[in-house]
$ cat model_19.txt   # compact mmCIF, C-alpha atoms
# COMPACT_ATOMS: atom_id res chain seq x y z
CA MET A 1 0.00 0.00 0.00
CA ARG A 2 1.04 3.62 -0.48
CA ASN A 3 1.48 6.02 2.42
CA ALA A 4 -1.70 7.76 1.25
CA THR A 5 -4.68 6.58 -0.71
CA ALA A 6 -4.86 8.27 -4.11
CA SER A 7 -8.15 9.30 -5.64
CA ILE A 8 -8.78 6.64 -8.27
CA LEU A 9 -12.13 7.65 -9.72
CA LYS A 10 -13.91 6.94 -12.98
CA PRO A 11 -14.46 9.87 -15.37
CA LEU A 12 -18.00 11.19 -15.58
CA PRO A 13 -19.38 11.89 -19.08
CA GLY A 14 -19.53 15.55 -20.02
CA HIS A 15 -17.59 16.79 -16.98
CA LEU A 16 -14.14 18.21 -16.44
CA PHE A 17 -13.61 19.09 -12.81
CA ARG A 18 -11.10 18.85 -10.03
CA VAL A 19 -10.82 16.36 -7.22
CA ARG A 20 -8.18 16.49 -4.52
CA GLY A 21 -4.52 16.39 -5.45
CA GLU A 22 -1.84 14.78 -3.33
CA ASN A 23 1.57 13.19 -3.07
CA ALA A 24 1.39 9.48 -2.29
CA GLU A 25 4.58 7.46 -1.86
CA MET A 26 4.99 3.80 -2.71
CA ARG A 27 6.14 1.73 0.26
CA TRP A 28 9.01 -0.53 -0.67
CA GLU A 29 7.82 -3.37 1.55
CA ALA A 30 4.65 -3.40 -0.59
CA MET A 31 6.78 -4.53 -3.55
CA SER A 32 8.03 -7.61 -1.73
CA GLY A 33 6.80 -10.68 -3.56
CA GLN A 34 5.39 -8.62 -6.41
CA GLY A 35 6.25 -9.18 -10.03
CA TYR A 36 8.24 -6.88 -12.24
CA HIS A 37 5.62 -4.12 -12.49
CA THR A 38 4.30 -1.88 -9.74
CA PRO A 39 0.58 -2.58 -9.19
CA ILE A 40 -1.56 0.46 -9.87
CA ASP A 41 -2.75 0.64 -6.26
CA ARG A 42 0.89 0.86 -5.13
CA PHE A 43 2.13 3.27 -7.80
CA PHE A 44 3.20 6.65 -6.41
CA VAL A 45 1.17 9.79 -7.17
CA ARG A 46 2.56 13.29 -7.67
CA ASN A 47 0.13 16.04 -8.70
CA HIS A 48 0.85 19.76 -8.80
CA THR A 49 -2.84 20.68 -8.44
CA GLY A 50 -5.71 18.19 -8.54
CA THR A 51 -6.85 15.27 -10.61
CA PRO A 52 -9.15 16.29 -13.48
CA LEU A 53 -11.91 13.91 -14.56
CA ILE A 54 -12.09 14.03 -18.34
CA ASP A 55 -14.75 12.73 -20.71
CA ALA A 56 -12.91 10.65 -23.30
CA ALA A 57 -15.73 11.16 -25.81
CA THR A 58 -15.05 14.89 -26.05
CA TRP A 59 -11.30 14.85 -25.31
CA ARG A 60 -8.94 15.91 -28.08
CA LEU A 61 -5.15 15.96 -28.29
CA ARG A 62 -4.22 19.05 -30.31
CA LEU A 63 -0.90 19.25 -32.19
CA HIS A 64 0.01 22.68 -33.50
CA GLY A 65 2.84 25.17 -34.01
CA PRO A 66 5.24 26.35 -36.70
CA GLY A 67 7.13 23.07 -36.55
CA LEU A 68 4.20 21.25 -38.20
CA ARG A 69 2.94 21.35 -41.78
CA CYS A 70 -0.54 20.00 -40.98
CA PRO A 71 -1.66 20.84 -37.43
CA ARG A 72 -4.45 18.53 -36.32
CA ALA A 73 -6.25 16.97 -33.38
CA PHE A 74 -6.72 13.33 -32.39
CA GLY A 75 -9.65 11.83 -30.48
CA TYR A 76 -9.47 9.06 -27.91
CA GLU A 77 -10.88 6.28 -30.09
CA GLU A 78 -8.76 7.48 -33.00
CA LEU A 79 -5.68 7.22 -30.82
CA ARG A 80 -6.59 3.72 -29.65
CA ALA A 81 -7.14 2.58 -33.24
CA MET A 82 -3.59 3.49 -34.28
CA PRO A 83 -0.71 0.99 -34.27
CA SER A 84 0.38 0.71 -30.65
CA ARG A 85 3.56 -0.10 -28.77
CA THR A 86 4.04 -1.46 -25.25
CA TYR A 87 6.97 -0.30 -23.12
CA ASP A 88 8.15 -1.25 -19.63
CA VAL A 89 9.21 2.13 -18.25
CA ALA A 90 9.98 3.64 -14.84
CA ILE A 91 8.38 6.95 -13.88
CA GLU A 92 10.28 8.67 -11.07
CA CYS A 93 9.94 12.08 -9.44
CA ALA A 94 13.09 14.20 -9.67
CA GLY A 95 12.84 14.66 -5.89
CA ASN A 96 12.83 10.96 -5.10
CA GLY A 97 15.20 10.45 -2.16
CA ARG A 98 15.12 14.14 -1.11
CA ARG A 99 14.62 13.12 2.54
CA PHE A 100 18.16 11.74 2.68
CA TYR A 101 19.85 15.08 2.05
CA GLY A 102 18.77 15.89 5.59
CA ARG A 103 18.48 12.49 7.27
CA GLN A 104 21.74 11.08 5.95
CA GLN A 105 23.90 14.04 4.92
CA HIS A 106 22.56 16.52 7.52
CA ASP A 107 21.94 19.19 4.87
CA PRO A 108 18.18 19.22 4.26
CA ALA A 109 16.67 20.44 0.99
CA PRO A 110 13.24 22.04 0.55
CA GLY A 111 10.29 20.25 -1.00
CA THR A 112 8.29 17.07 -0.48
CA GLN A 113 10.39 14.79 1.71
CA TRP A 114 10.22 11.65 -0.39
CA GLY A 115 12.01 8.53 0.75
CA LEU A 116 12.77 6.23 -2.18
CA GLY A 117 9.13 5.49 -3.04
CA ALA A 118 8.47 8.20 -5.63
CA ILE A 119 9.04 5.69 -8.41
CA GLY A 120 7.11 2.95 -10.14
CA VAL A 121 7.50 0.72 -13.18
CA ALA A 122 4.46 -0.01 -15.31
CA ARG A 123 3.72 -1.61 -18.65
CA TRP A 124 2.52 1.34 -20.72
CA ARG A 125 0.63 0.93 -23.98
CA GLY A 126 0.04 3.70 -26.46
CA VAL A 127 1.15 5.38 -29.68
CA PRO A 128 4.73 6.56 -30.21
CA LEU A 129 4.81 10.35 -30.21
CA LYS A 130 6.87 10.31 -33.39
CA HIS A 131 3.93 8.65 -35.18
CA LEU A 132 1.60 11.51 -34.23
CA LEU A 133 4.21 14.10 -35.16
CA LYS A 134 4.64 12.49 -38.58
CA GLU A 135 0.86 12.43 -39.04
CA ALA A 136 0.88 16.19 -38.39
CA GLY A 137 3.75 16.75 -40.84
CA VAL A 138 6.67 17.53 -38.53
CA ARG A 139 9.11 19.84 -40.28
CA PRO A 140 12.88 19.18 -40.52
CA GLU A 141 13.49 22.52 -38.79
CA ALA A 142 11.43 21.56 -35.70
CA VAL A 143 13.44 22.16 -32.50
CA ASP A 144 11.27 21.62 -29.42
CA VAL A 145 8.00 19.97 -28.43
CA LEU A 146 5.92 21.44 -25.59
CA PRO A 147 3.28 19.07 -24.15
CA SER A 148 0.71 20.60 -21.77
CA GLY A 149 -1.65 18.97 -19.28
CA LEU A 150 -5.36 19.58 -18.77
CA ASP A 151 -5.17 19.79 -14.99
CA GLU A 152 -6.01 23.09 -13.33
CA PRO A 153 -3.40 25.87 -13.75
CA PHE A 154 -0.79 25.85 -10.99
CA GLU A 155 -0.81 29.16 -9.10
CA ASP A 156 0.11 31.87 -11.64
CA TYR A 157 2.24 29.61 -13.81
CA GLY A 158 -0.47 28.15 -16.03
CA HIS A 159 -0.95 24.53 -17.03
CA VAL A 160 1.83 22.07 -16.24
CA ARG A 161 4.06 21.88 -19.29
CA ARG A 162 7.70 21.07 -19.98
CA PRO A 163 9.51 21.14 -23.33
CA LEU A 164 11.30 18.20 -24.91
CA PRO A 165 13.92 18.42 -27.65
CA ILE A 166 12.64 17.10 -30.96
CA ALA A 167 15.33 14.39 -30.96
CA LYS A 168 13.89 12.86 -27.76
CA ALA A 169 10.31 13.30 -28.96
CA MET A 170 11.13 11.40 -32.16
CA ASP A 171 12.98 8.65 -30.30
CA ASP A 172 11.22 6.66 -27.58
CA VAL A 173 8.44 8.88 -26.14
CA LEU A 174 5.02 7.25 -25.88
CA VAL A 175 1.54 8.79 -25.78
CA ALA A 176 0.12 6.19 -23.39
CA TYR A 177 -3.53 5.32 -22.76
CA GLU A 178 -3.06 2.06 -20.81
CA MET A 179 -1.19 1.20 -17.62
CA ASN A 180 -0.59 -2.45 -16.70
CA GLY A 181 -3.25 -3.56 -19.18
CA GLU A 182 -5.96 -1.16 -17.96
CA PRO A 183 -7.08 2.29 -19.11
CA LEU A 184 -5.10 4.96 -17.30
CA PRO A 185 -6.64 5.76 -13.92
CA PRO A 186 -7.44 9.47 -13.44
CA ASP A 187 -4.55 9.96 -11.00
CA HIS A 188 -2.16 8.65 -13.64
CA GLY A 189 -3.30 10.75 -16.56
CA PHE A 190 -6.55 9.51 -18.12
CA PRO A 191 -7.28 9.68 -21.04
CA ALA A 192 -3.63 9.95 -22.21
CA ARG A 193 -0.23 10.92 -20.87
CA LEU A 194 3.32 11.10 -22.07
CA VAL A 195 5.80 8.44 -20.99
CA VAL A 196 9.37 9.70 -21.42
CA PRO A 197 11.81 6.85 -20.70
CA GLY A 198 14.79 7.67 -18.53
CA TRP A 199 13.82 11.29 -17.86
CA VAL A 200 12.54 12.95 -14.70
CA GLY A 201 8.86 12.31 -14.03
CA ILE A 202 7.78 15.89 -14.75
CA ALA A 203 8.57 15.24 -18.43
CA SER A 204 5.84 12.56 -18.56
CA ILE A 205 2.97 15.06 -18.67
CA LYS A 206 -0.37 13.67 -17.46
CA TRP A 207 -3.85 14.51 -18.79
CA LEU A 208 -2.24 15.42 -22.09
CA GLY A 209 -4.28 17.87 -24.17
CA ASP A 210 -1.94 20.05 -26.20
CA ILE A 211 1.42 19.65 -27.94
CA GLU A 212 3.14 22.67 -29.47
CA VAL A 213 5.95 22.02 -31.96
CA SER A 214 8.33 24.94 -32.42
CA THR A 215 11.19 25.92 -34.70
CA SER A 216 12.99 27.61 -31.82
CA THR A 217 13.87 26.78 -28.23
CA LEU A 218 10.89 26.73 -25.86
CA LEU A 219 10.85 27.47 -22.15
CA SER A 220 8.27 26.98 -19.42
CA PRO A 221 8.22 27.41 -15.64
CA TRP A 222 8.74 23.65 -15.39
CA ASN A 223 12.26 23.82 -16.79
CA THR A 224 13.23 27.29 -15.53
CA VAL A 225 11.54 28.03 -12.17
CA PHE A 226 10.93 24.37 -11.29
CA TYR A 227 13.11 21.38 -12.25
CA PRO A 228 15.86 23.44 -13.91
CA ASP A 229 18.79 21.53 -15.38
CA VAL A 230 17.44 18.05 -14.60
CA THR A 231 16.63 15.58 -17.35
CA VAL A 232 18.01 12.02 -17.20
CA GLN A 233 17.60 10.17 -13.91
CA PRO A 234 20.72 8.86 -12.11
CA VAL A 235 21.37 5.33 -10.87
CA LYS A 236 19.68 4.32 -7.58
CA SER A 237 18.86 1.28 -5.42
CA ALA A 238 16.35 0.28 -2.75
CA PHE A 239 15.67 -2.73 -0.52
CA GLU A 240 12.18 -4.27 -0.50
CA LEU A 241 12.01 -3.72 3.26
CA PRO A 242 10.29 -1.29 5.60
CA TRP A 243 12.42 1.34 7.29
CA ASN A 244 13.77 -0.09 10.58
CA ALA A 245 12.65 -3.58 9.53
CA ARG A 246 12.85 -6.38 12.10
CA LEU A 247 14.54 -9.44 10.60
CA ALA A 248 14.34 -12.74 12.45
CA ILE A 249 17.27 -15.17 12.31
CA SER A 250 16.86 -18.87 12.97
CA GLY A 251 20.01 -20.52 11.67
CA VAL A 252 19.06 -20.14 7.99
CA PRO A 253 20.58 -17.31 5.93
CA LEU A 254 18.25 -14.40 5.20
CA VAL A 255 17.41 -13.63 1.58
CA LEU A 256 17.10 -9.90 0.96
CA HIS A 257 15.50 -8.50 -2.17
CA GLY A 258 15.78 -5.13 -3.84
CA ARG A 259 15.62 -3.20 -7.10
CA SER A 260 18.02 -0.86 -8.88
CA TRP A 261 17.44 1.48 -11.80
CA SER A 262 19.00 4.18 -13.95
CA GLY A 263 17.69 6.54 -16.60
CA GLN A 264 20.96 6.08 -18.45
CA GLY A 265 20.47 2.40 -19.25
CA ARG A 266 20.67 -1.17 -18.04
CA ILE A 267 21.91 -2.07 -14.55
CA THR A 268 25.03 -4.23 -14.86
CA ARG A 269 26.06 -4.74 -11.22
CA VAL A 270 24.62 -4.42 -7.72
CA GLU A 271 26.68 -4.74 -4.54
CA VAL A 272 25.45 -4.92 -0.96
CA SER A 273 27.24 -4.07 2.28
CA PHE A 274 26.27 -5.15 5.80
CA ASP A 275 29.15 -3.42 7.63
CA GLY A 276 28.86 0.26 6.78
CA GLY A 277 30.60 0.01 3.44
CA ASP A 278 33.82 -1.67 4.58
CA THR A 279 33.10 -4.73 2.44
CA TRP A 280 30.72 -5.36 -0.46
CA ARG A 281 29.11 -8.51 -1.82
CA ALA A 282 27.70 -8.95 -5.33
CA ALA A 283 23.95 -9.45 -5.55
CA ALA A 284 22.29 -11.73 -8.10
CA LEU A 285 20.45 -9.73 -10.80
CA HIS A 286 17.13 -10.57 -12.43
CA GLY A 287 15.50 -8.95 -15.45
CA SER A 288 18.55 -6.94 -16.43
CA HIS A 289 17.47 -7.03 -20.10
CA LEU A 290 14.76 -4.43 -19.42
CA VAL A 291 16.84 -1.39 -20.27
CA SER A 292 14.44 1.45 -19.46
CA ALA A 293 13.11 0.08 -16.18
CA TRP A 294 14.61 -1.44 -13.06
CA SER A 295 16.48 -4.66 -12.28
CA GLN A 296 15.43 -6.95 -9.47
CA TRP A 297 18.11 -8.59 -7.34
CA HIS A 298 18.64 -10.66 -4.22
CA VAL A 299 21.48 -11.38 -1.81
CA THR A 300 21.86 -13.80 1.11
CA TRP A 301 22.98 -12.68 4.54
CA ALA A 302 23.75 -14.67 7.69
CA PRO A 303 24.20 -12.18 10.55
CA ARG A 304 26.10 -13.70 13.45
CA ARG A 305 24.23 -12.00 16.27
CA PRO A 306 21.10 -9.95 16.96
CA GLY A 307 21.35 -6.18 16.98
CA ARG A 308 21.11 -3.05 14.88
CA TYR A 309 22.61 -3.08 11.39
CA VAL A 310 22.72 -0.74 8.41
CA LEU A 311 22.17 -2.21 4.97
CA MET A 312 23.63 -0.51 1.89
CA ALA A 313 23.12 -1.26 -1.79
CA ARG A 314 24.91 0.37 -4.70
CA ALA A 315 24.34 -0.20 -8.39
CA THR A 316 26.33 0.39 -11.56
CA ASP A 317 24.70 0.99 -14.94
CA GLU A 318 25.92 0.23 -18.44
CA THR A 319 27.53 3.67 -18.77
CA GLY A 320 29.79 2.84 -15.83
CA ALA A 321 28.00 5.23 -13.45
CA THR A 322 28.03 3.91 -9.85
CA GLN A 323 26.16 5.25 -6.87
CA PRO A 324 28.45 7.37 -4.66
CA LEU A 325 28.51 7.27 -0.87
CA ALA A 326 27.57 10.98 -0.72
CA ILE A 327 26.62 13.69 -3.20
CA PRO A 328 26.60 17.50 -3.15
CA ARG A 329 23.30 19.01 -2.04
CA HIS A 330 21.05 20.06 -4.91
CA PRO A 331 19.34 23.40 -4.09
CA PHE A 332 15.92 21.92 -4.91
CA GLY A 333 16.65 18.49 -3.49
CA TYR A 334 16.67 16.71 -6.85
CA HIS A 335 18.63 13.66 -7.99
CA PHE A 336 19.67 12.22 -4.64
CA ASN A 337 21.40 9.01 -5.66
CA ALA A 338 23.95 8.40 -2.94
CA VAL A 339 23.93 4.93 -1.36
CA VAL A 340 21.07 4.97 1.15
CA GLN A 341 21.82 3.67 4.66
CA HIS A 342 18.85 1.43 5.46
CA PRO A 343 18.56 0.57 9.18
CA VAL A 344 17.29 -2.85 10.30
CA GLU A 345 17.13 -4.77 13.54
CA VAL A 346 18.07 -8.43 13.65
CA VAL A 347 16.21 -10.46 16.30
CA LEU A 348 16.18 -14.11 17.27
CA GLY A 349 13.42 -16.02 15.45
$ encode --input "model_19.txt" --output "structure tokens"
Amino acid sequence: MRNATASILKPLPGHLFRVRGENAEMRWEAMSGQGYHTPIDRFFVRNHTGTPLIDAATWRLRLHGPGLRCPRAFGYEELRAMPSRTYDVAIECAGNGRRFYGRQQHDPAPGTQWGLGAIGVARWRGVPLKHLLKEAGVRPEAVDVLPSGLDEPFEDYGHVRRPLPIAKAMDDVLVAYEMNGEPLPPDHGFPARLVVPGWVGIASIKWLGDIEVSTSTLLSPWNTVFYPDVTVQPVKSAFELPWNARLAISGVPLVLHGRSWSGQGRITRVEVSFDGGDTWRAAALHGSHLVSAWSQWHVTWAPRRPGRYVLMARATDETGATQPLAIPRHPFGYHFNAVVQHPVEVVLG
């Protein structure tokens, strides 16, 4: 279960209105024993305002701007009738792990104090954005794409929107209408959302309604005021355990499970330490072929005595990037990817 219950409601025909918005973090112990994908009821929620309920029958996705020869709009059923693709992709808030700037490095950063649960991996189905751009006659001189959401304007900044370079838009970005085999729930962007593999979650605009294609660089508050200079997510790891977990020993080695991920590519190695980082042991990886999502892993541990311990996991991705033991504080608390010190208590079983 998440730390809060998100508002998963069905859209009402003919209505577009706001229900409560919230931040709801996925609990890592809730992923224990789960398959590769995060169940929808465990998937984290991050909304800037509230969740709009949109009538798919009247919804349109409008593509326009000087970067297109033939601006046009697509309806929901039209979108679903197009050739589709299915991607396994992680969506992660740029502030995931922000809590540890203060808790672990004693230099707190402002913003929502996420642990490591502002991430989820789903199987997304939809239409590649490049297909829609080609249908609208994307010009060779196109530079940026600016997707906007249909949620209520945020303060005085307008609708949530963040530009993408045309190269990324024409690569692996998906206009998704299904999540884990079901229509997108309202909290996750119904009727359609962007899924931008490897990039910070704010790039994966929910409740997609408008895409501007420009022949010059575009800016928005969501890459200048908020989320400046963050794009690709760094490498991270988490144990499938509650914080301060109690682990019972009974003469049989414990088997600990976790997951590691990176926006830069496939995880190639995970190491675990039980002694504060003095020594490291290789974990066994599973599912490492899923480049854009996470890798599952496990490691055995036979603690010699009861007591308090600190578990540490560090991953390396295919670019050679490895989690550091500490990182400089980001002024907005983004991209915390230092090795997290996970406390547990070992008790006699």
$ closest_residue --input "model_19.txt" --among "A:Gly189, A:Pro234, A:Gly120, A:Pro183" --to "A:Ile91" --atoms "all atoms listed in the file"
A:Gly120
$ residues_around --input "model_19.txt" --residues "stretch 304-313 of chain A" --least-positions-apart "2" --cutoff "8 Å" --atoms "only C-alpha atoms" --output "ChimeraX atom specification"
/A:237-239,249,270-277,302,315,339-348
$ atom_distance --input "model_19.txt" --atom1 "atom CA of A:Gly33" --atom2 "atom CA of A:Gly251"
22.4 Å
$ closest_residue --input "model_19.txt" --among "A:Asp107, A:Asp172, A:Asp151, A:Asp144" --to "A:Lys130" --atoms "all atoms listed in the file"
A:Asp172
$ atom_distance --input "model_19.txt" --atom1 "atom CA of A:Arg161" --atom2 "atom CA of A:Ile211"
9.3 Å
$ atom_distance --input "model_19.txt" --atom1 "atom CA of A:His64" --atom2 "atom CA of A:Val213"
6.2 Å
$ closest_residue --input "model_19.txt" --among "A:His257, A:Arg162, A:Arg269, A:Lys206" --to "A:Met31" --atoms "only C-alpha atoms"
A:His257
$ closest_residue --input "model_19.txt" --among "A:Val127, A:Ser250, A:Leu256, A:Gln264" --to "A:Ala283" --atoms "only C-alpha atoms"
A:Leu256
$ closest_residue --input "model_19.txt" --among "A:Ile327, A:Leu285, A:Val200, A:Ala169" --to "A:Gln233" --atoms "all atoms listed in the file"
A:Val200
$ residues_around --input "model_19.txt" --residues "A:Val175" --least-positions-apart "3" --cutoff "10 Å" --atoms "all atoms listed in the file" --output "ChimeraX atom specification"
/A:79,84-85,124-132,178,192-196,204-206,208
$ build_atoms --input "model_19.txt" --residues "stretch 30-47 of chain A" --atoms "N, CA, C and O atoms" --output "mmCIF file, keeping the file's coordinate frame"
data_model
loop_
_atom_site.group_PDB
_atom_site.id
_atom_site.type_symbol
_atom_site.label_atom_id
_atom_site.label_comp_id
_atom_site.auth_asym_id
_atom_site.auth_seq_id
_atom_site.Cartn_x
_atom_site.Cartn_y
_atom_site.Cartn_z
ATOM 1 N N ALA A 30 5.819 -2.979 0.194
ATOM 2 C CA ALA A 30 4.650 -3.400 -0.590
ATOM 3 C C ALA A 30 5.044 -4.032 -1.912
ATOM 4 O O ALA A 30 4.209 -4.652 -2.573
ATOM 5 N N MET A 31 6.305 -3.896 -2.321
ATOM 6 C CA MET A 31 6.780 -4.530 -3.550
ATOM 7 C C MET A 31 7.349 -5.914 -3.300
ATOM 8 O O MET A 31 7.633 -6.657 -4.245
ATOM 9 N N SER A 32 7.513 -6.287 -2.038
ATOM 10 C CA SER A 32 8.030 -7.610 -1.730
ATOM 11 C C SER A 32 7.086 -8.688 -2.238
ATOM 12 O O SER A 32 5.892 -8.668 -1.941
ATOM 13 N N GLY A 33 7.607 -9.602 -3.020
ATOM 14 C CA GLY A 33 6.800 -10.680 -3.560
ATOM 15 C C GLY A 33 6.000 -10.305 -4.790
ATOM 16 O O GLY A 33 5.290 -11.152 -5.360
ATOM 17 N N GLN A 34 6.088 -9.058 -5.208
ATOM 18 C CA GLN A 34 5.390 -8.620 -6.410
ATOM 19 C C GLN A 34 6.194 -8.999 -7.644
ATOM 20 O O GLN A 34 7.372 -9.319 -7.576
ATOM 21 N N GLY A 35 5.557 -8.933 -8.786
ATOM 22 C CA GLY A 35 6.250 -9.180 -10.030
ATOM 23 C C GLY A 35 7.073 -7.989 -10.456
ATOM 24 O O GLY A 35 7.415 -7.120 -9.652
ATOM 25 N N TYR A 36 7.356 -7.930 -11.739
ATOM 26 C CA TYR A 36 8.240 -6.880 -12.240
ATOM 27 C C TYR A 36 7.593 -5.502 -12.146
ATOM 28 O O TYR A 36 8.249 -4.510 -11.827
ATOM 29 N N HIS A 37 6.287 -5.415 -12.420
ATOM 30 C CA HIS A 37 5.620 -4.120 -12.490
ATOM 31 C C HIS A 37 5.008 -3.718 -11.153
ATOM 32 O O HIS A 37 4.605 -4.565 -10.357
ATOM 33 N N THR A 38 4.940 -2.401 -10.941
ATOM 34 C CA THR A 38 4.300 -1.880 -9.740
ATOM 35 C C THR A 38 2.791 -1.915 -9.917
ATOM 36 O O THR A 38 2.270 -1.308 -10.867
ATOM 37 N N PRO A 39 2.047 -2.608 -9.063
ATOM 38 C CA PRO A 39 0.580 -2.580 -9.190
ATOM 39 C C PRO A 39 0.063 -1.150 -9.107
ATOM 40 O O PRO A 39 0.641 -0.292 -8.425
ATOM 41 N N ILE A 40 -1.033 -0.900 -9.809
ATOM 42 C CA ILE A 40 -1.560 0.460 -9.870
ATOM 43 C C ILE A 40 -1.868 0.996 -8.484
ATOM 44 O O ILE A 40 -1.618 2.174 -8.188
ATOM 45 N N ASP A 41 -2.390 0.144 -7.596
ATOM 46 C CA ASP A 41 -2.750 0.640 -6.260
ATOM 47 C C ASP A 41 -1.536 0.909 -5.385
ATOM 48 O O ASP A 41 -1.671 1.436 -4.279
ATOM 49 N N ARG A 42 -0.337 0.574 -5.853
ATOM 50 C CA ARG A 42 0.890 0.860 -5.130
ATOM 51 C C ARG A 42 1.742 1.924 -5.821
ATOM 52 O O ARG A 42 2.768 2.339 -5.279
ATOM 53 N N PHE A 43 1.346 2.334 -7.001
ATOM 54 C CA PHE A 43 2.130 3.270 -7.800
ATOM 55 C C PHE A 43 2.050 4.675 -7.200
ATOM 56 O O PHE A 43 0.965 5.163 -6.881
ATOM 57 N N PHE A 44 3.192 5.336 -7.054
ATOM 58 C CA PHE A 44 3.200 6.650 -6.410
ATOM 59 C C PHE A 44 2.401 7.670 -7.222
ATOM 60 O O PHE A 44 2.218 7.533 -8.430
ATOM 61 N N VAL A 45 1.927 8.711 -6.546
ATOM 62 C CA VAL A 45 1.170 9.790 -7.170
ATOM 63 C C VAL A 45 1.834 11.118 -6.839
ATOM 64 O O VAL A 45 2.163 11.381 -5.673
ATOM 65 N N ARG A 46 2.050 11.935 -7.862
ATOM 66 C CA ARG A 46 2.560 13.290 -7.670
ATOM 67 C C ARG A 46 1.754 14.218 -8.572
ATOM 68 O O ARG A 46 1.831 14.135 -9.792
ATOM 69 N N ASN A 47 0.951 15.074 -7.967
ATOM 70 C CA ASN A 47 0.130 16.040 -8.700
ATOM 71 C C ASN A 47 0.463 17.445 -8.234
ATOM 72 O O ASN A 47 0.561 17.691 -7.029
#
